[in-house]
>>> print(open('query_34.txt').read())   # compact mmCIF, C-alpha atoms and all ligand atoms
# COMPACT_ATOMS: atom_id res chain seq x y z
CA MET A 208 67.92 171.85 51.09
CA ARG A 209 68.39 175.61 51.46
CA GLY A 210 67.78 178.08 48.66
CA GLU A 211 65.68 178.45 45.58
CA LEU A 212 65.89 175.86 42.82
CA LEU A 213 66.28 177.55 39.43
CA ASP A 214 64.30 176.28 36.49
CA GLN A 215 67.56 176.38 34.51
CA THR A 216 70.64 174.32 33.78
CA ALA A 217 74.12 175.84 33.64
CA TYR A 218 76.62 174.66 31.00
CA LEU A 219 80.32 175.43 31.19
CA ALA A 220 81.62 176.31 27.72
CA PRO A 221 85.08 175.07 26.71
CA ARG A 222 87.57 177.91 26.42
CA LEU A 223 87.22 179.48 22.94
CA ALA A 224 83.92 177.69 22.29
CA LEU A 225 81.34 179.97 23.92
CA ALA A 226 79.79 180.81 20.54
CA GLU A 227 79.42 177.12 19.67
CA LEU A 228 77.66 176.34 22.95
CA VAL A 229 75.36 179.37 22.70
CA ALA A 230 74.41 178.41 19.13
CA GLU A 231 73.86 174.79 20.09
CA LEU A 232 71.55 175.63 23.01
CA GLY A 233 69.68 178.29 21.07
CA ASP A 234 67.68 179.73 24.01
CA VAL A 235 70.36 181.02 26.35
CA THR A 236 69.06 183.29 29.08
CA GLU A 237 72.34 184.47 30.61
CA VAL A 238 76.12 184.01 30.43
CA LEU A 239 78.22 184.37 33.57
CA ALA A 240 81.93 185.16 33.42
CA GLU A 241 81.88 184.56 29.64
CA ARG A 242 81.73 180.80 30.18
CA LEU A 243 78.85 179.65 32.34
CA VAL A 244 75.80 179.55 30.10
CA PHE A 245 72.23 179.30 31.40
CA ALA A 246 69.34 177.78 29.49
CA PRO A 247 65.83 176.81 30.61
CA GLY A 248 64.78 173.36 31.71
CA PRO A 249 66.65 170.18 32.58
CA ALA A 250 70.06 169.28 31.14
CA ARG A 251 70.23 168.56 27.42
CA ARG A 252 72.72 166.37 25.61
CA VAL A 253 75.07 168.89 24.12
CA THR A 254 78.45 168.64 22.47
CA TRP A 255 79.92 171.93 23.58
CA ALA A 256 79.86 171.66 27.37
CA GLN A 257 82.87 170.92 29.50
CA ASN A 258 80.68 170.51 32.55
CA ILE A 259 76.94 170.65 33.19
CA TRP A 260 75.52 171.99 36.43
CA HIS A 261 72.31 170.10 37.12
CA GLU A 262 69.57 171.79 39.17
CA PRO A 263 71.52 174.84 40.31
CA ARG A 264 70.20 176.62 43.42
CA ARG A 265 70.40 180.24 44.45
CA ILE A 266 71.22 180.45 48.14
CA GLU A 267 71.26 183.69 50.16
CA ILE A 268 73.97 183.72 52.81
CA GLU A 269 74.61 185.92 55.82
CA SER A 270 78.37 185.59 56.08
CA ILE A 271 81.38 183.66 54.80
CA LYS A 272 80.85 181.13 57.56
CA ASP A 273 77.19 180.78 56.69
CA GLY A 274 78.05 180.26 53.00
CA ALA A 275 80.46 177.44 53.85
CA ARG A 276 77.85 175.90 56.17
CA ALA A 277 75.15 176.05 53.49
CA LEU A 278 77.38 174.11 51.09
CA ARG A 279 78.63 171.61 53.69
CA ASP A 280 75.04 170.90 54.74
CA ILE A 281 74.31 169.73 51.19
CA GLN A 282 77.37 167.47 50.66
CA ARG A 283 81.09 167.15 51.21
CA ASN A 284 82.75 167.80 47.85
CA TRP A 285 82.60 171.17 46.14
CA HIS A 286 84.60 172.93 43.49
CA LEU A 287 84.63 176.72 43.25
CA PHE A 288 84.02 178.02 39.75
CA ASP A 289 86.00 181.17 39.98
CA VAL A 290 84.55 184.44 38.76
CA GLU A 291 86.43 187.70 39.15
CA ARG A 292 83.67 189.45 41.03
CA HIS A 293 83.90 188.67 44.76
CA ALA A 294 86.82 186.32 44.10
CA ARG A 295 88.41 186.97 47.48
CA ARG A 296 85.19 186.39 49.38
CA ALA A 297 84.53 183.22 47.40
CA GLN A 298 88.01 181.95 48.22
CA LEU A 299 87.41 182.60 51.94
CA ILE A 300 84.29 180.42 51.72
CA ALA A 301 86.19 177.74 49.78
CA ASP A 302 88.88 177.72 52.48
CA GLN A 303 86.24 176.57 54.98
CA LEU A 304 85.15 173.60 52.87
CA PRO A 305 86.66 170.10 53.05
CA HIS A 306 89.75 169.70 50.90
CA ILE A 307 89.22 167.81 47.65
CA SER A 308 92.07 166.00 45.98
CA ALA A 309 93.17 167.61 42.74
CA ARG A 310 95.53 164.76 41.94
CA PRO A 311 95.87 163.99 38.22
CA LEU A 312 94.35 160.66 37.19
CA ARG A 313 96.57 157.64 36.58
CA PHE A 314 95.18 156.11 33.40
CA PRO A 315 93.32 153.70 33.29
CA GLU A 316 92.02 154.32 36.81
CA PRO A 317 88.38 155.46 36.90
CA PRO A 318 87.63 159.07 37.86
CA PRO A 319 86.41 159.76 41.42
CA ALA A 320 82.97 158.29 42.11
CA ALA A 321 81.89 160.76 44.83
CA PRO A 322 79.57 163.54 43.62
CA LEU A 323 81.42 166.77 42.97
CA GLY A 324 79.33 169.92 43.18
CA ALA A 325 80.14 173.26 41.62
CA TRP A 326 79.45 176.67 43.10
CA THR A 327 80.22 180.32 42.69
CA LEU A 328 79.22 183.67 44.12
CA LEU A 329 76.58 185.48 42.09
CA ASP A 330 76.69 188.42 44.41
CA ARG A 331 78.30 189.28 47.73
CA ASP A 332 75.62 187.38 49.64
CA VAL A 333 74.25 185.02 47.02
CA LEU A 334 75.66 181.61 46.17
CA LEU A 335 74.90 179.62 43.08
CA ALA A 336 75.39 175.92 43.85
CA ALA A 337 74.81 172.74 41.86
CA PRO A 338 75.32 169.59 43.97
CA ARG A 339 75.33 167.35 40.90
CA CYS A 340 77.49 167.99 37.85
CA SER A 341 78.19 165.92 34.75
CA ALA A 342 81.97 165.98 35.28
CA PRO A 343 83.57 164.09 38.19
CA VAL A 344 86.62 166.39 38.05
CA PRO A 345 86.75 170.17 38.59
CA ASP A 346 85.32 172.10 35.62
CA GLY A 347 85.62 168.94 33.49
CA ARG A 348 89.41 169.25 33.28
CA PHE A 349 90.59 165.67 32.91
CA GLU A 350 94.25 165.94 33.97
CA PHE A 351 96.39 162.81 33.79
CA GLU A 352 99.82 161.87 35.04
CA GLU A 353 101.50 162.16 31.68
CA ASN A 354 103.92 159.71 30.13
CA ARG A 355 106.61 161.93 28.65
CA ARG A 356 108.92 159.10 27.56
CA GLU A 357 107.00 156.65 25.41
CA PRO A 358 104.15 158.12 23.33
CA PRO A 359 105.46 159.92 20.25
CA SER A 360 102.80 162.65 20.41
CA ARG A 361 100.51 164.17 23.04
CA ALA A 362 97.44 163.06 21.08
CA TYR A 363 97.32 160.02 23.38
CA LEU A 364 95.81 162.29 26.06
CA LYS A 365 92.66 162.73 23.94
CA LEU A 366 92.14 159.00 23.78
CA TRP A 367 92.89 158.56 27.49
CA GLU A 368 90.23 161.18 28.25
CA ALA A 369 87.63 159.65 25.89
CA LEU A 370 88.13 156.16 27.35
CA THR A 371 88.14 157.40 30.95
CA ARG A 372 84.90 159.29 30.44
CA TRP A 373 83.32 156.38 28.60
CA GLY A 374 84.41 154.02 31.37
CA VAL A 375 85.66 151.34 28.99
CA HIS A 376 88.90 150.65 27.12
CA PRO A 377 90.54 148.14 24.77
CA GLY A 378 92.19 145.19 26.48
CA PRO A 379 93.92 141.88 25.84
CA GLY A 380 92.23 139.93 23.05
CA ASP A 381 90.67 143.05 21.51
CA ARG A 382 91.31 143.84 17.87
CA CYS A 383 91.66 147.55 17.02
CA ILE A 384 92.22 149.54 13.88
CA ASP A 385 93.76 152.99 14.24
CA LEU A 386 93.17 155.20 11.21
CA GLY A 387 95.44 158.21 10.83
CA ALA A 388 97.70 156.57 13.39
CA CYS A 389 100.93 158.48 12.77
CA PRO A 390 103.09 159.23 14.74
CA GLY A 391 101.45 156.64 17.01
CA GLY A 392 100.01 158.04 20.24
CA TRP A 393 96.62 156.28 19.96
CA THR A 394 98.23 153.04 18.77
CA TRP A 395 100.54 153.25 21.78
CA VAL A 396 97.48 153.58 24.08
CA ALA A 397 95.71 150.52 22.67
CA ALA A 398 98.87 148.40 22.42
CA THR A 399 99.99 149.16 25.97
CA LEU A 400 96.52 148.10 27.18
CA GLY A 401 97.23 144.70 25.62
CA ALA A 402 95.09 144.97 22.47
CA SER A 403 96.29 144.18 18.96
CA VAL A 404 96.31 147.17 16.63
CA LEU A 405 96.42 147.64 12.88
CA ALA A 406 97.89 151.14 12.54
CA VAL A 407 96.99 152.76 9.21
CA ASP A 408 98.46 156.00 7.90
CA LYS A 409 99.92 157.40 4.72
CA ALA A 410 102.98 158.35 6.78
CA PRO A 411 105.22 155.86 8.63
CA LEU A 412 104.58 155.12 12.30
CA ASP A 413 107.15 155.93 14.97
CA PRO A 414 109.48 152.87 14.95
CA ALA A 415 109.27 152.34 18.72
CA VAL A 416 105.45 152.15 18.53
CA ALA A 417 105.57 149.97 15.41
CA ALA A 418 107.78 147.54 17.38
CA LEU A 419 105.33 147.17 20.30
CA PRO A 420 103.81 143.69 20.72
CA GLY A 421 100.51 143.40 18.87
CA VAL A 422 101.12 146.32 16.49
CA THR A 423 100.90 145.85 12.71
CA THR A 424 101.34 148.77 10.33
CA LEU A 425 99.77 149.49 6.99
CA GLN A 426 100.97 152.48 4.99
CA ALA A 427 97.82 153.38 3.04
CA SER A 428 94.94 155.83 2.90
CA ALA A 429 92.22 155.17 5.47
CA PHE A 430 89.68 155.84 2.72
CA SER A 431 90.98 153.07 0.48
CA LEU A 432 90.18 150.28 2.96
CA ASP A 433 87.26 147.91 2.66
CA PRO A 434 85.71 147.58 6.16
CA ALA A 435 83.92 144.32 5.24
CA GLU A 436 87.20 142.73 4.19
CA LEU A 437 88.95 143.85 7.39
CA ALA A 438 86.11 142.38 9.44
CA ALA A 439 85.95 139.10 7.51
CA ASP A 440 86.68 137.21 10.78
CA GLY A 441 84.05 139.17 12.70
CA PRO A 442 83.74 142.84 13.66
CA LEU A 443 86.81 144.58 15.08
CA ASP A 444 86.41 145.60 18.72
CA TRP A 445 87.53 149.20 18.23
CA LEU A 446 87.67 151.64 15.35
CA LEU A 447 89.94 154.49 16.39
CA CYS A 448 90.22 157.35 13.91
CA ASP A 449 92.13 160.60 14.21
CA VAL A 450 92.61 161.17 10.46
CA ALA A 451 93.16 164.80 9.49
CA CYS A 452 90.24 165.28 7.07
CA TYR A 453 87.06 167.27 6.47
CA PRO A 454 84.08 166.24 8.65
CA GLU A 455 82.13 165.23 5.52
CA ARG A 456 84.82 162.72 4.57
CA LEU A 457 84.91 161.30 8.08
CA TYR A 458 81.12 161.01 8.04
CA GLU A 459 81.24 158.97 4.82
CA LEU A 460 83.98 156.77 6.26
CA VAL A 461 82.01 156.16 9.47
CA GLN A 462 78.89 155.36 7.46
CA ARG A 463 80.80 152.76 5.44
CA TRP A 464 82.05 151.09 8.63
CA LEU A 465 78.58 151.22 10.21
CA THR A 466 76.88 149.80 7.13
CA ALA A 467 79.38 146.94 7.05
CA GLY A 468 78.90 146.37 10.80
CA ALA A 469 82.68 146.14 10.86
CA ALA A 470 83.45 147.50 14.36
CA GLU A 471 81.90 147.32 17.83
CA ARG A 472 83.04 150.65 19.24
CA TYR A 473 84.13 153.89 17.59
CA VAL A 474 86.24 156.79 18.83
CA CYS A 475 86.69 159.27 15.99
CA THR A 476 87.94 162.84 16.03
CA ILE A 477 85.85 165.25 13.95
CA LYS A 478 88.22 168.00 12.81
CA LEU A 479 86.12 171.11 12.46
CA GLN A 480 86.41 173.79 9.84
CA GLY A 481 84.56 176.89 10.98
CA SER A 482 81.22 178.09 9.70
CA THR A 483 79.84 174.66 8.76
CA ASP A 484 80.55 173.10 12.16
CA GLY A 485 76.99 173.02 13.51
CA GLU A 486 75.67 171.13 10.52
CA ALA A 487 78.68 168.76 10.44
CA ILE A 488 78.21 167.83 14.09
CA ARG A 489 74.45 167.47 13.76
CA ARG A 490 74.84 164.73 11.13
CA PHE A 491 77.00 162.70 13.52
CA THR A 492 74.66 163.22 16.47
CA GLU A 493 71.78 161.87 14.38
CA ILE A 494 73.46 158.45 14.18
CA PRO A 495 71.26 156.52 16.66
CA GLY A 496 72.93 155.69 19.96
CA SER A 497 75.99 157.85 19.30
CA ARG A 498 77.46 160.73 21.31
CA VAL A 499 79.43 163.66 20.06
CA VAL A 500 81.39 165.38 22.78
CA HIS A 501 83.99 168.06 23.06
CA LEU A 502 86.80 166.61 25.15
CA TRP A 503 88.79 168.89 27.37
CA ARG A 504 91.79 167.92 25.23
CA ASN A 505 90.02 168.62 21.94
CA ARG A 506 90.94 171.87 20.27
CA HIS A 507 88.73 172.89 17.32
CA GLU A 508 87.51 169.31 17.21
CA ALA A 509 84.82 167.10 18.62
CA THR A 510 84.82 163.38 19.30
CA PHE A 511 82.31 160.88 17.92
CA LEU A 512 81.60 157.82 20.07
CA PHE A 513 79.51 154.86 19.10
CA HIS A 514 78.86 151.40 20.47
CA LYS A 515 77.06 148.89 18.26
CA ALA A 516 75.41 147.10 21.18
CA ASN A 517 74.30 150.00 23.40
CA SER A 518 73.73 153.69 23.16
CA VAL A 519 76.55 155.72 24.67
CA ASP A 520 75.10 157.06 27.89
CA SER A 521 78.08 158.19 29.93
CA PHE A 522 79.64 161.66 29.35
C1 LIG A 601 96.41 164.31 14.16
S1 LIG A 601 97.38 163.16 13.31
C2 LIG A 601 97.04 161.67 14.19
C3 LIG A 601 97.74 161.59 15.52
C4 LIG A 601 97.67 160.20 16.11
N1 LIG A 601 96.30 159.87 16.53
C5 LIG A 601 98.57 160.04 17.30
O1 LIG A 601 98.06 159.75 18.38
O2 LIG A 601 99.78 160.16 17.15
C6 LIG A 601 96.50 162.96 11.81
C7 LIG A 601 97.06 161.92 10.89
O3 LIG A 601 96.14 161.71 9.82
C8 LIG A 601 96.92 161.21 8.75
N2 LIG A 601 96.14 161.21 7.51
C9 LIG A 601 95.70 162.24 6.77
N3 LIG A 601 95.04 161.77 5.69
C10 LIG A 601 95.03 160.42 5.79
C11 LIG A 601 94.48 159.37 5.01
N4 LIG A 601 93.80 159.62 3.88
N5 LIG A 601 94.68 158.11 5.40
C12 LIG A 601 95.37 157.82 6.53
N6 LIG A 601 95.91 158.78 7.31
C13 LIG A 601 95.75 160.05 6.95
C14 LIG A 601 98.12 162.13 8.74
O4 LIG A 601 99.19 161.52 8.03
C15 LIG A 601 98.39 162.27 10.24
O5 LIG A 601 99.37 161.36 10.65
>>> encode(input="query_34.txt", output="structure tokens")
Amino acid sequence: MRGELLDQTAYLAPRLALAELVAELGDVTEVLAERLVFAPGPARRVTWAQNIWHEPRRIEIESIKDGARALRDIQRNWHLFDVERHARRAQLIADQLPHISARPLRFPEPPPAAPLGAWTLLDRDVLLAAPRCSAPVPDGRFEFEENRREPPSRAYLKLWEALTRWGVHPGPGDRCIDLGACPGGWTWVAATLGASVLAVDKAPLDPAVAALPGVTTLQASAFSLDPAELAADGPLDWLLCDVACYPERLYELVQRWLTAGAAERYVCTIKLQGSTDGEAIRRFTEIPGSRVVHLWRNRHEATFLFHKANSVDSF
């Protein structure tokens, strides 16, 4: 393979979360275009990366044609990470690469399996190229064909993204609890996949979602529930939680469910507050086998994932 392998990994920060990624990595050596963050050594498990460029290479090129050839010689599929410098030249190289489909995903189809590399121009005649990236879609933007008629909120897109990236989803026969369910986007996701859902919120659920087959509603505080009682017939398959609350309260709630062994899989939104974020996230990441990720659809939030049987290795 042409070029010089860097002893670095590049991490793409979510928009508006560069500071979080830089703080999380701690030993950043360079930041390109205010988003692509370099740190020494192989890829680390971080929360604040929308995409990770594994083993990036620096490749000197002689011309636009030569740049396209260098990339094509490595593999078929490439996505240009656009930087303003040399943008036109980079686009001319991209135009000579095979077309890649940018079609939005149709949930619950899996994301593309073919490796998708990322590249950019560091200088007029220098490419930076990573054949292997963590995200199977360009820059980790998980776009879906949206359903604008049924779900009562757009929050369902967060759950679609989490399940797509995890590669698993609720199905017929599964028992789910959805905490902080109102107006009902996440409950709609689980119910339309065929699972039964207990939707819990202090506010009433959208009537159309409440009427879906398999949906039961409970107007109560998520913090007043006894996980052991709810799992009296065996652990629930999914604990979904999008409750608007401080991270510390969510952490206590998750701990109560974990201690009771009351659910198999967890997808919980951690709503962040500002200065205490790093510490709040760290406590969740220390739960063995868990992952805490920032979804493309998360705003100032992160998502906690846990599976009782296996550590969460995708993402
Ligand atoms: C971001 S919304 C959830 C959106 C939902 N996942 C959806 O897809 O439509 C947060 C919800 O948390 C609920 N909430 C806040 N405190 C709660 C509590 N103590 N118990 C249950 N729900 C609570 C709010 O009523 C609100 O409906």
>>> residues_around(input="query_34.txt", residues="region 220-235 of chain A", least_positions_apart="3", cutoff="8 Å", atoms="all atoms listed in the file", output="list in words")
Val238, Glu241, Arg242, Leu243, Val244, Phe245, Ala246, Pro247, Val253, Thr254, Trp255, Ala256, Gln257, Asn258, Gly485, His501 and Trp503 of chain A
>>> residues_around(input="query_34.txt", residues="region 397-412 of chain A", least_positions_apart="6", cutoff="7 Å", atoms="all atoms listed in the file", output="PyMOL selection string")
chain A and resi 377-391+419+421-429
>>> closest_residue(input="query_34.txt", among="A:Leu239, A:Ala415, A:Ala250, A:Ala362", to="Leu328 (chain A)", atoms="all atoms listed in the file")
A:Leu239
>>> closest_residue(input="query_34.txt", among="A:Pro495, A:Pro338, A:Gly374, A:Pro322", to="Phe522 (chain A)", atoms="all atoms listed in the file")
A:Gly374
>>> atom_distance(input="query_34.txt", atom1="CA of Glu350 (chain A)", atom2="CA of Ile488 (chain A)")
25.6 Å
>>> atom_distance(input="query_34.txt", atom1="CA of Ala240 (chain A)", atom2="CA of Thr327 (chain A)")
10.6 Å
>>> atom_distance(input="query_34.txt", atom1="atom C15 of ligand LIG 601 (chain A)", atom2="CA of Lys478 (chain A)")
12.0 Å
>>> build_atoms(input="query_34.txt", residues="region 233-253 of chain A", atoms="N, CA, C and O atoms", output="compact mmCIF listing (two decimals), keeping the file's coordinate frame")
# COMPACT_ATOMS: atom_id res chain seq x y z
N GLY A 233 70.70 177.53 21.79
CA GLY A 233 69.68 178.29 21.07
C GLY A 233 68.84 179.22 21.92
O GLY A 233 68.42 180.27 21.46
N ASP A 234 68.57 178.89 23.20
CA ASP A 234 67.68 179.73 24.01
C ASP A 234 68.35 180.14 25.32
O ASP A 234 67.78 180.03 26.40
N VAL A 235 69.57 180.63 25.18
CA VAL A 235 70.36 181.02 26.35
C VAL A 235 69.73 182.23 27.04
O VAL A 235 69.33 183.18 26.38
N THR A 236 69.66 182.16 28.36
CA THR A 236 69.06 183.29 29.08
C THR A 236 70.12 184.22 29.68
O THR A 236 69.87 185.39 29.89
N GLU A 237 71.30 183.67 29.97
CA GLU A 237 72.34 184.47 30.61
C GLU A 237 73.69 183.79 30.45
O GLU A 237 73.76 182.56 30.35
N VAL A 238 74.76 184.58 30.44
CA VAL A 238 76.12 184.01 30.43
C VAL A 238 76.90 184.67 31.55
O VAL A 238 76.98 185.90 31.62
N LEU A 239 77.47 183.87 32.43
CA LEU A 239 78.22 184.37 33.57
C LEU A 239 79.71 184.19 33.29
O LEU A 239 80.13 183.10 32.86
N ALA A 240 80.47 185.22 33.54
CA ALA A 240 81.93 185.16 33.42
C ALA A 240 82.38 184.64 32.05
O ALA A 240 83.40 183.98 31.92
N GLU A 241 81.58 184.94 31.03
CA GLU A 241 81.88 184.56 29.64
C GLU A 241 82.04 183.07 29.41
O GLU A 241 82.59 182.64 28.40
N ARG A 242 81.59 182.25 30.38
CA ARG A 242 81.73 180.80 30.18
C ARG A 242 80.58 179.98 30.71
O ARG A 242 80.34 178.89 30.22
N LEU A 243 79.91 180.46 31.74
CA LEU A 243 78.85 179.65 32.34
C LEU A 243 77.52 180.10 31.74
O LEU A 243 77.07 181.22 31.96
N VAL A 244 76.92 179.19 30.96
CA VAL A 244 75.80 179.55 30.10
C VAL A 244 74.52 178.94 30.66
O VAL A 244 74.47 177.74 30.92
N PHE A 245 73.49 179.78 30.82
CA PHE A 245 72.23 179.30 31.40
C PHE A 245 71.18 179.12 30.32
O PHE A 245 71.04 179.96 29.43
N ALA A 246 70.45 178.02 30.42
CA ALA A 246 69.34 177.78 29.49
C ALA A 246 68.22 177.10 30.27
O ALA A 246 68.47 176.37 31.24
N PRO A 247 66.97 177.33 29.84
CA PRO A 247 65.83 176.81 30.61
C PRO A 247 65.75 175.28 30.61
O PRO A 247 66.22 174.63 29.68
N GLY A 248 65.13 174.78 31.67
CA GLY A 248 64.78 173.36 31.71
C GLY A 248 65.92 172.45 32.15
O GLY A 248 67.01 172.91 32.47
N PRO A 249 65.63 171.13 32.16
CA PRO A 249 66.65 170.18 32.58
C PRO A 249 67.79 170.06 31.57
O PRO A 249 67.68 170.57 30.45
N ALA A 250 68.86 169.37 31.98
CA ALA A 250 70.06 169.28 31.14
C ALA A 250 69.75 168.62 29.81
O ALA A 250 69.02 167.64 29.75
N ARG A 251 70.35 169.15 28.76
CA ARG A 251 70.23 168.56 27.42
C ARG A 251 71.56 167.93 27.06
O ARG A 251 72.60 168.32 27.57
N ARG A 252 71.49 166.99 26.13
CA ARG A 252 72.72 166.37 25.61
C ARG A 252 73.36 167.31 24.63
O ARG A 252 72.88 167.47 23.52
N VAL A 253 74.42 167.95 25.03
CA VAL A 253 75.07 168.89 24.12
C VAL A 253 76.51 168.46 23.88
O VAL A 253 77.09 167.71 24.66
